[in-house]
>>> print(open('entry-v2.cif').read())   # mmCIF, C-alpha atoms
data_start
#
loop_
_atom_site.label_atom_id
_atom_site.label_comp_id
_atom_site.auth_asym_id
_atom_site.auth_seq_id
_atom_site.Cartn_x
_atom_site.Cartn_y
_atom_site.Cartn_z
CA MET A 4 0.00 0.00 0.00
CA ASN A 5 2.80 2.40 -0.84
CA ASN A 6 1.08 4.37 -3.58
CA GLN A 7 -2.51 3.86 -2.48
CA GLN A 8 -4.13 5.61 0.45
CA THR A 9 -7.52 5.37 2.10
CA TYR A 10 -9.94 8.26 1.77
CA TYR A 11 -13.70 8.76 1.89
CA GLU A 12 -16.19 10.14 -0.60
CA THR A 13 -19.45 11.61 0.64
CA MET A 14 -22.16 12.33 -1.89
CA TYR A 15 -25.11 14.31 -0.66
CA ILE A 16 -28.20 15.58 -2.42
CA LEU A 17 -29.76 18.94 -1.61
CA ARG A 18 -33.35 19.96 -2.32
CA PRO A 19 -33.73 21.36 -5.84
CA ASP A 20 -35.78 24.38 -4.80
CA ILE A 21 -33.11 26.14 -2.73
CA ALA A 22 -31.25 29.15 -4.12
CA GLU A 23 -27.73 28.91 -5.55
CA ASP A 24 -26.22 31.04 -2.79
CA GLU A 25 -27.79 28.72 -0.21
CA VAL A 26 -26.20 25.77 -1.99
CA THR A 27 -22.76 27.36 -1.66
CA ASN A 28 -23.54 28.13 2.00
CA HIS A 29 -24.34 24.45 2.60
CA ILE A 30 -21.16 23.33 0.83
CA ASP A 31 -19.06 25.74 2.92
CA LYS A 32 -20.87 24.68 6.09
CA TYR A 33 -20.17 20.97 5.61
CA ASN A 34 -16.58 21.63 4.54
CA LYS A 35 -15.96 23.66 7.73
CA LEU A 36 -17.71 21.06 9.90
CA LEU A 37 -15.57 18.32 8.40
CA GLU A 38 -12.38 20.20 9.20
CA GLU A 39 -13.62 20.95 12.74
CA PHE A 40 -14.27 17.25 13.31
CA GLY A 41 -10.71 16.30 12.31
CA GLY A 42 -11.05 15.55 8.60
CA THR A 43 -9.04 16.90 5.71
CA ILE A 44 -10.84 17.97 2.56
CA LEU A 45 -9.27 16.63 -0.62
CA ASP A 46 -11.87 17.83 -3.11
CA SER A 47 -15.34 19.36 -3.02
CA GLN A 48 -17.47 19.62 -6.16
CA MET A 49 -21.01 20.65 -6.90
CA ARG A 50 -22.24 18.25 -9.58
CA GLY A 51 -25.35 20.27 -10.37
CA LYS A 52 -29.07 19.60 -10.53
CA ARG A 53 -29.97 16.15 -11.81
CA ARG A 54 -33.04 13.98 -12.08
CA LEU A 55 -33.35 11.41 -9.30
CA ALA A 56 -33.82 7.73 -10.04
CA TYR A 57 -36.90 7.72 -7.84
CA GLN A 58 -38.92 10.28 -5.96
CA ILE A 59 -37.51 11.34 -2.57
CA THR A 60 -39.75 13.38 -0.26
CA LYS A 61 -41.86 14.54 -3.22
CA HIS A 62 -38.78 15.73 -5.15
CA ARG A 63 -37.96 14.45 -8.64
CA GLU A 64 -34.65 16.36 -8.89
CA GLY A 65 -31.80 17.14 -6.56
CA ILE A 66 -28.57 19.12 -6.39
CA TYR A 67 -25.65 16.71 -6.10
CA VAL A 68 -22.48 17.55 -4.15
CA GLN A 69 -19.41 15.30 -3.97
CA LEU A 70 -16.96 15.65 -1.09
CA SER A 71 -13.66 13.71 -0.95
CA HIS A 72 -11.95 13.72 2.43
CA GLN A 73 -9.49 11.95 4.71
CA GLY A 74 -9.60 11.32 8.42
CA ASP A 75 -9.66 8.71 11.14
CA GLY A 76 -13.25 7.67 10.40
CA GLN A 77 -14.72 9.22 13.55
CA HIS A 78 -15.57 12.42 11.71
CA ILE A 79 -17.97 10.63 9.34
CA PHE A 80 -20.60 9.93 12.00
CA LYS A 81 -20.58 13.57 13.08
CA ILE A 82 -20.90 15.04 9.59
CA GLU A 83 -23.64 12.55 8.65
CA LYS A 84 -25.53 13.50 11.80
CA ALA A 85 -25.41 17.16 10.75
CA MET A 86 -26.72 16.18 7.31
CA ARG A 87 -29.48 14.05 8.80
CA LEU A 88 -30.70 16.97 10.92
CA SER A 89 -30.73 19.38 7.98
CA GLU A 90 -34.02 19.77 6.12
CA ASP A 91 -32.22 20.75 2.92
CA VAL A 92 -30.27 17.47 2.59
CA ILE A 93 -32.56 14.78 1.19
CA ARG A 94 -29.95 11.97 0.86
CA TYR A 95 -26.31 11.34 1.76
CA MET A 96 -23.89 8.44 1.51
CA THR A 97 -20.25 7.98 2.47
CA VAL A 98 -18.06 5.38 0.79
CA LYS A 99 -14.55 4.30 1.78
CA GLN A 100 -12.17 4.48 -1.19
CA GLU A 101 -8.71 3.03 -1.73
CA GLY A 102 -6.39 4.23 -4.43
CA PRO A 103 -4.59 7.35 -5.51
CA LEU A 104 -5.88 10.49 -3.85
CA PRO A 105 -8.18 12.63 -6.00
CA THR A 106 -6.75 15.85 -7.34
CA PRO A 107 -8.88 18.95 -6.80
CA ARG A 108 -10.55 20.24 -9.96
CA PRO A 109 -11.43 23.86 -10.64
CA SER A 110 -15.08 24.47 -9.82
CA ASN A 111 -15.53 27.34 -12.31
CA LYS A 112 -17.85 26.52 -15.17
CA SER A 113 -16.12 29.09 -17.38
CA THR A 114 -12.84 27.13 -17.15
CA SER A 115 -14.44 23.93 -18.41
CA GLN A 116 -16.18 25.81 -21.22
CA SER A 117 -12.95 27.41 -22.40
CA GLU A 118 -11.23 23.99 -22.43
CA ASN A 119 -14.00 22.63 -24.63
CA ASN A 120 -13.70 25.59 -27.00
CA ASP A 121 -9.94 25.07 -27.37
CA ASN A 122 -10.39 21.49 -28.53
CA PRO A 123 -13.71 21.13 -30.39
CA ASN A 124 -12.82 17.65 -31.70
CA ALA A 125 -12.48 16.14 -28.23
CA LYS A 126 -16.17 15.34 -27.86
CA VAL A 127 -16.54 14.13 -31.44
CA GLU A 128 -13.69 11.66 -31.10
CA SER A 129 -15.08 10.17 -27.89
CA LYS A 130 -18.50 9.69 -29.48
CA GLU A 131 -17.01 7.99 -32.55
CA LYS A 132 -15.13 5.43 -30.46
CA GLN A 133 -18.26 4.31 -28.61
CA PRO A 134 -20.13 1.36 -30.12
CA VAL A 135 -23.63 2.16 -31.28
CA ALA A 136 -26.36 -0.31 -30.34
CA SER A 137 -29.15 -0.72 -32.84
CA ALA A 138 -32.70 -0.48 -31.54
CA ASP A 139 -34.10 -2.21 -34.65
CA THR A 140 -35.31 -5.67 -33.63
CA SER A 141 -37.35 -6.49 -36.72
CA THR A 142 -36.52 -9.52 -38.84
CA PRO A 143 -35.65 -9.26 -42.55
CA SER A 144 -39.02 -10.72 -43.58
CA GLU A 145 -40.82 -7.98 -41.65
CA ASP A 146 -38.66 -5.35 -43.36
CA ASN A 147 -39.56 -6.72 -46.80
CA ALA A 148 -43.28 -6.64 -45.97
CA GLU A 149 -43.00 -3.03 -44.80
CA THR A 150 -41.14 -1.90 -47.93
CA LYS A 151 -43.71 -3.60 -50.15
CA GLU A 152 -46.53 -1.81 -48.31
CA ASN A 153 -44.71 1.53 -48.60
CA ALA A 154 -44.09 1.00 -52.31
CA GLN A 155 -47.75 0.20 -53.00
CA SER A 156 -49.05 3.32 -51.27
#
>>> encode(input="entry-v2.cif", output="structure tokens")
Amino acid sequence: MNNQQTYYETMYILRPDIAEDEVTNHIDKYNKLLEEFGGTILDSQMRGKRRLAYQITKHREGIYVQLSHQGDGQHIFKIEKAMRLSEDVIRYMTVKQEGPLPTPRPSNKSTSQSENNDNPNAKVESKEKQPVASADTSTPSEDNAETKENAQS
């Protein structure tokens, strides 16, 4: 375990109807709490508003936040208790990770947009390399019948 270290990732979902400045307040609040409880923040990212897989407390969407941190493990219970007591957090989960530590990414959306503008072929290349699955499940005999019907009309 020379090159790999243990760290934790906490993903929490905020209500979708709160304001953007409140979202940043919540992110700052949980980052400060984590440091107060003895953890070290490796990376904190707001992933944005996304559709939930299923409805949670009458919400179909949520604002996802990912928090990577290190510590002795005792800080996790305390931060999850703070999230449980908050009315704005609708779900949270902490997972223990092993591997290389995550590198902090810039949280500015303008930075990611300028990177995409510098290399417009980056997205095209990645799409071309992905295999395309065909949704056509008809048999050749069905195709022939359909073309004959289309030709007659």
>>> resolve_selection(input="entry-v2.cif", expression="the PyMOL selection byres ((chain A and resi 85) around 12)", output="number ranges by chain")
A: 15, 29, 32-37, 40, 78-84, 86-92, 95
>>> resolve_selection(input="entry-v2.cif", expression="the PyMOL selection byres ((chain A and resi 54) around 10)", output="count of residues only")
13
>>> resolve_selection(input="entry-v2.cif", expression="the PyMOL selection byres ((chain A and resi 72) around 12)", output="VMD selection string")
chain A and resid 8 to 14 33 to 38 40 to 48 69 to 71 73 to 76 78 to 79 82 97 to 101 104 to 107
>>> atom_distance(input="entry-v2.cif", atom1="atom CA of Thr60 of chain A", atom2="atom CA of Met96 of chain A")
16.7 Å
>>> closest_residue(input="entry-v2.cif", among="A:Ile16, A:Gly102, A:Arg94, A:Ala22", to="Met49 of chain A", atoms="only C-alpha atoms")
A:Ile16
>>> decode(input="entry-v2.cif", residues="segment 4-92 of chain A", atoms="C-alpha atoms", output="PDB file, in the first residue's frame")
ATOM      1  CA  MET A   4       0.000   0.000   0.000  1.00  0.00           C
ATOM      2  CA  ASN A   5       2.802   2.396  -0.835  1.00  0.00           C
ATOM      3  CA  ASN A   6       1.079   4.371  -3.585  1.00  0.00           C
ATOM      4  CA  GLN A   7      -2.514   3.861  -2.484  1.00  0.00           C
ATOM      5  CA  GLN A   8      -4.132   5.610   0.448  1.00  0.00           C
ATOM      6  CA  THR A   9      -7.519   5.368   2.095  1.00  0.00           C
ATOM      7  CA  TYR A  10      -9.943   8.256   1.771  1.00  0.00           C
ATOM      8  CA  TYR A  11     -13.701   8.763   1.888  1.00  0.00           C
ATOM      9  CA  GLU A  12     -16.192  10.140  -0.598  1.00  0.00           C
ATOM     10  CA  THR A  13     -19.445  11.607   0.640  1.00  0.00           C
ATOM     11  CA  MET A  14     -22.156  12.326  -1.892  1.00  0.00           C
ATOM     12  CA  TYR A  15     -25.106  14.310  -0.661  1.00  0.00           C
ATOM     13  CA  ILE A  16     -28.198  15.580  -2.423  1.00  0.00           C
ATOM     14  CA  LEU A  17     -29.757  18.940  -1.611  1.00  0.00           C
ATOM     15  CA  ARG A  18     -33.349  19.956  -2.321  1.00  0.00           C
ATOM     16  CA  PRO A  19     -33.728  21.356  -5.841  1.00  0.00           C
ATOM     17  CA  ASP A  20     -35.784  24.385  -4.805  1.00  0.00           C
ATOM     18  CA  ILE A  21     -33.108  26.143  -2.732  1.00  0.00           C
ATOM     19  CA  ALA A  22     -31.247  29.150  -4.124  1.00  0.00           C
ATOM     20  CA  GLU A  23     -27.731  28.911  -5.553  1.00  0.00           C
ATOM     21  CA  ASP A  24     -26.222  31.044  -2.790  1.00  0.00           C
ATOM     22  CA  GLU A  25     -27.792  28.721  -0.207  1.00  0.00           C
ATOM     23  CA  VAL A  26     -26.197  25.765  -1.989  1.00  0.00           C
ATOM     24  CA  THR A  27     -22.756  27.364  -1.662  1.00  0.00           C
ATOM     25  CA  ASN A  28     -23.538  28.128   1.999  1.00  0.00           C
ATOM     26  CA  HIS A  29     -24.337  24.447   2.597  1.00  0.00           C
ATOM     27  CA  ILE A  30     -21.164  23.330   0.832  1.00  0.00           C
ATOM     28  CA  ASP A  31     -19.061  25.740   2.920  1.00  0.00           C
ATOM     29  CA  LYS A  32     -20.872  24.682   6.090  1.00  0.00           C
ATOM     30  CA  TYR A  33     -20.172  20.975   5.609  1.00  0.00           C
ATOM     31  CA  ASN A  34     -16.578  21.631   4.544  1.00  0.00           C
ATOM     32  CA  LYS A  35     -15.962  23.658   7.731  1.00  0.00           C
ATOM     33  CA  LEU A  36     -17.707  21.056   9.899  1.00  0.00           C
ATOM     34  CA  LEU A  37     -15.566  18.322   8.399  1.00  0.00           C
ATOM     35  CA  GLU A  38     -12.378  20.200   9.204  1.00  0.00           C
ATOM     36  CA  GLU A  39     -13.620  20.951  12.742  1.00  0.00           C
ATOM     37  CA  PHE A  40     -14.266  17.246  13.309  1.00  0.00           C
ATOM     38  CA  GLY A  41     -10.712  16.300  12.315  1.00  0.00           C
ATOM     39  CA  GLY A  42     -11.052  15.546   8.603  1.00  0.00           C
ATOM     40  CA  THR A  43      -9.037  16.903   5.711  1.00  0.00           C
ATOM     41  CA  ILE A  44     -10.844  17.968   2.557  1.00  0.00           C
ATOM     42  CA  LEU A  45      -9.267  16.631  -0.617  1.00  0.00           C
ATOM     43  CA  ASP A  46     -11.874  17.832  -3.111  1.00  0.00           C
ATOM     44  CA  SER A  47     -15.341  19.357  -3.022  1.00  0.00           C
ATOM     45  CA  GLN A  48     -17.472  19.621  -6.161  1.00  0.00           C
ATOM     46  CA  MET A  49     -21.013  20.651  -6.901  1.00  0.00           C
ATOM     47  CA  ARG A  50     -22.239  18.249  -9.583  1.00  0.00           C
ATOM     48  CA  GLY A  51     -25.352  20.269 -10.365  1.00  0.00           C
ATOM     49  CA  LYS A  52     -29.070  19.604 -10.528  1.00  0.00           C
ATOM     50  CA  ARG A  53     -29.972  16.152 -11.814  1.00  0.00           C
ATOM     51  CA  ARG A  54     -33.041  13.983 -12.084  1.00  0.00           C
ATOM     52  CA  LEU A  55     -33.355  11.413  -9.301  1.00  0.00           C
ATOM     53  CA  ALA A  56     -33.818   7.727 -10.043  1.00  0.00           C
ATOM     54  CA  TYR A  57     -36.903   7.716  -7.839  1.00  0.00           C
ATOM     55  CA  GLN A  58     -38.920  10.282  -5.962  1.00  0.00           C
ATOM     56  CA  ILE A  59     -37.514  11.343  -2.571  1.00  0.00           C
ATOM     57  CA  THR A  60     -39.747  13.379  -0.260  1.00  0.00           C
ATOM     58  CA  LYS A  61     -41.860  14.541  -3.216  1.00  0.00           C
ATOM     59  CA  HIS A  62     -38.782  15.726  -5.145  1.00  0.00           C
ATOM     60  CA  ARG A  63     -37.960  14.447  -8.642  1.00  0.00           C
ATOM     61  CA  GLU A  64     -34.654  16.361  -8.895  1.00  0.00           C
ATOM     62  CA  GLY A  65     -31.801  17.139  -6.556  1.00  0.00           C
ATOM     63  CA  ILE A  66     -28.571  19.120  -6.386  1.00  0.00           C
ATOM     64  CA  TYR A  67     -25.652  16.707  -6.100  1.00  0.00           C
ATOM     65  CA  VAL A  68     -22.479  17.551  -4.154  1.00  0.00           C
ATOM     66  CA  GLN A  69     -19.412  15.298  -3.970  1.00  0.00           C
ATOM     67  CA  LEU A  70     -16.960  15.655  -1.092  1.00  0.00           C
ATOM     68  CA  SER A  71     -13.659  13.709  -0.950  1.00  0.00           C
ATOM     69  CA  HIS A  72     -11.954  13.719   2.427  1.00  0.00           C
ATOM     70  CA  GLN A  73      -9.486  11.953   4.706  1.00  0.00           C
ATOM     71  CA  GLY A  74      -9.598  11.316   8.416  1.00  0.00           C
ATOM     72  CA  ASP A  75      -9.658   8.714  11.136  1.00  0.00           C
ATOM     73  CA  GLY A  76     -13.253   7.667  10.401  1.00  0.00           C
ATOM     74  CA  GLN A  77     -14.716   9.223  13.553  1.00  0.00           C
ATOM     75  CA  HIS A  78     -15.572  12.423  11.709  1.00  0.00           C
ATOM     76  CA  ILE A  79     -17.972  10.627   9.342  1.00  0.00           C
ATOM     77  CA  PHE A  80     -20.604   9.933  12.003  1.00  0.00           C
ATOM     78  CA  LYS A  81     -20.576  13.573  13.077  1.00  0.00           C
ATOM     79  CA  ILE A  82     -20.900  15.043   9.589  1.00  0.00           C
ATOM     80  CA  GLU A  83     -23.639  12.549   8.648  1.00  0.00           C
ATOM     81  CA  LYS A  84     -25.530  13.499  11.803  1.00  0.00           C
ATOM     82  CA  ALA A  85     -25.405  17.157  10.751  1.00  0.00           C
ATOM     83  CA  MET A  86     -26.715  16.181   7.307  1.00  0.00           C
ATOM     84  CA  ARG A  87     -29.481  14.047   8.799  1.00  0.00           C
ATOM     85  CA  LEU A  88     -30.700  16.971  10.918  1.00  0.00           C
ATOM     86  CA  SER A  89     -30.733  19.381   7.978  1.00  0.00           C
ATOM     87  CA  GLU A  90     -34.019  19.765   6.124  1.00  0.00           C
ATOM     88  CA  ASP A  91     -32.218  20.745   2.920  1.00  0.00           C
ATOM     89  CA  VAL A  92     -30.274  17.466   2.589  1.00  0.00           C
TER      90      VAL A  92
END
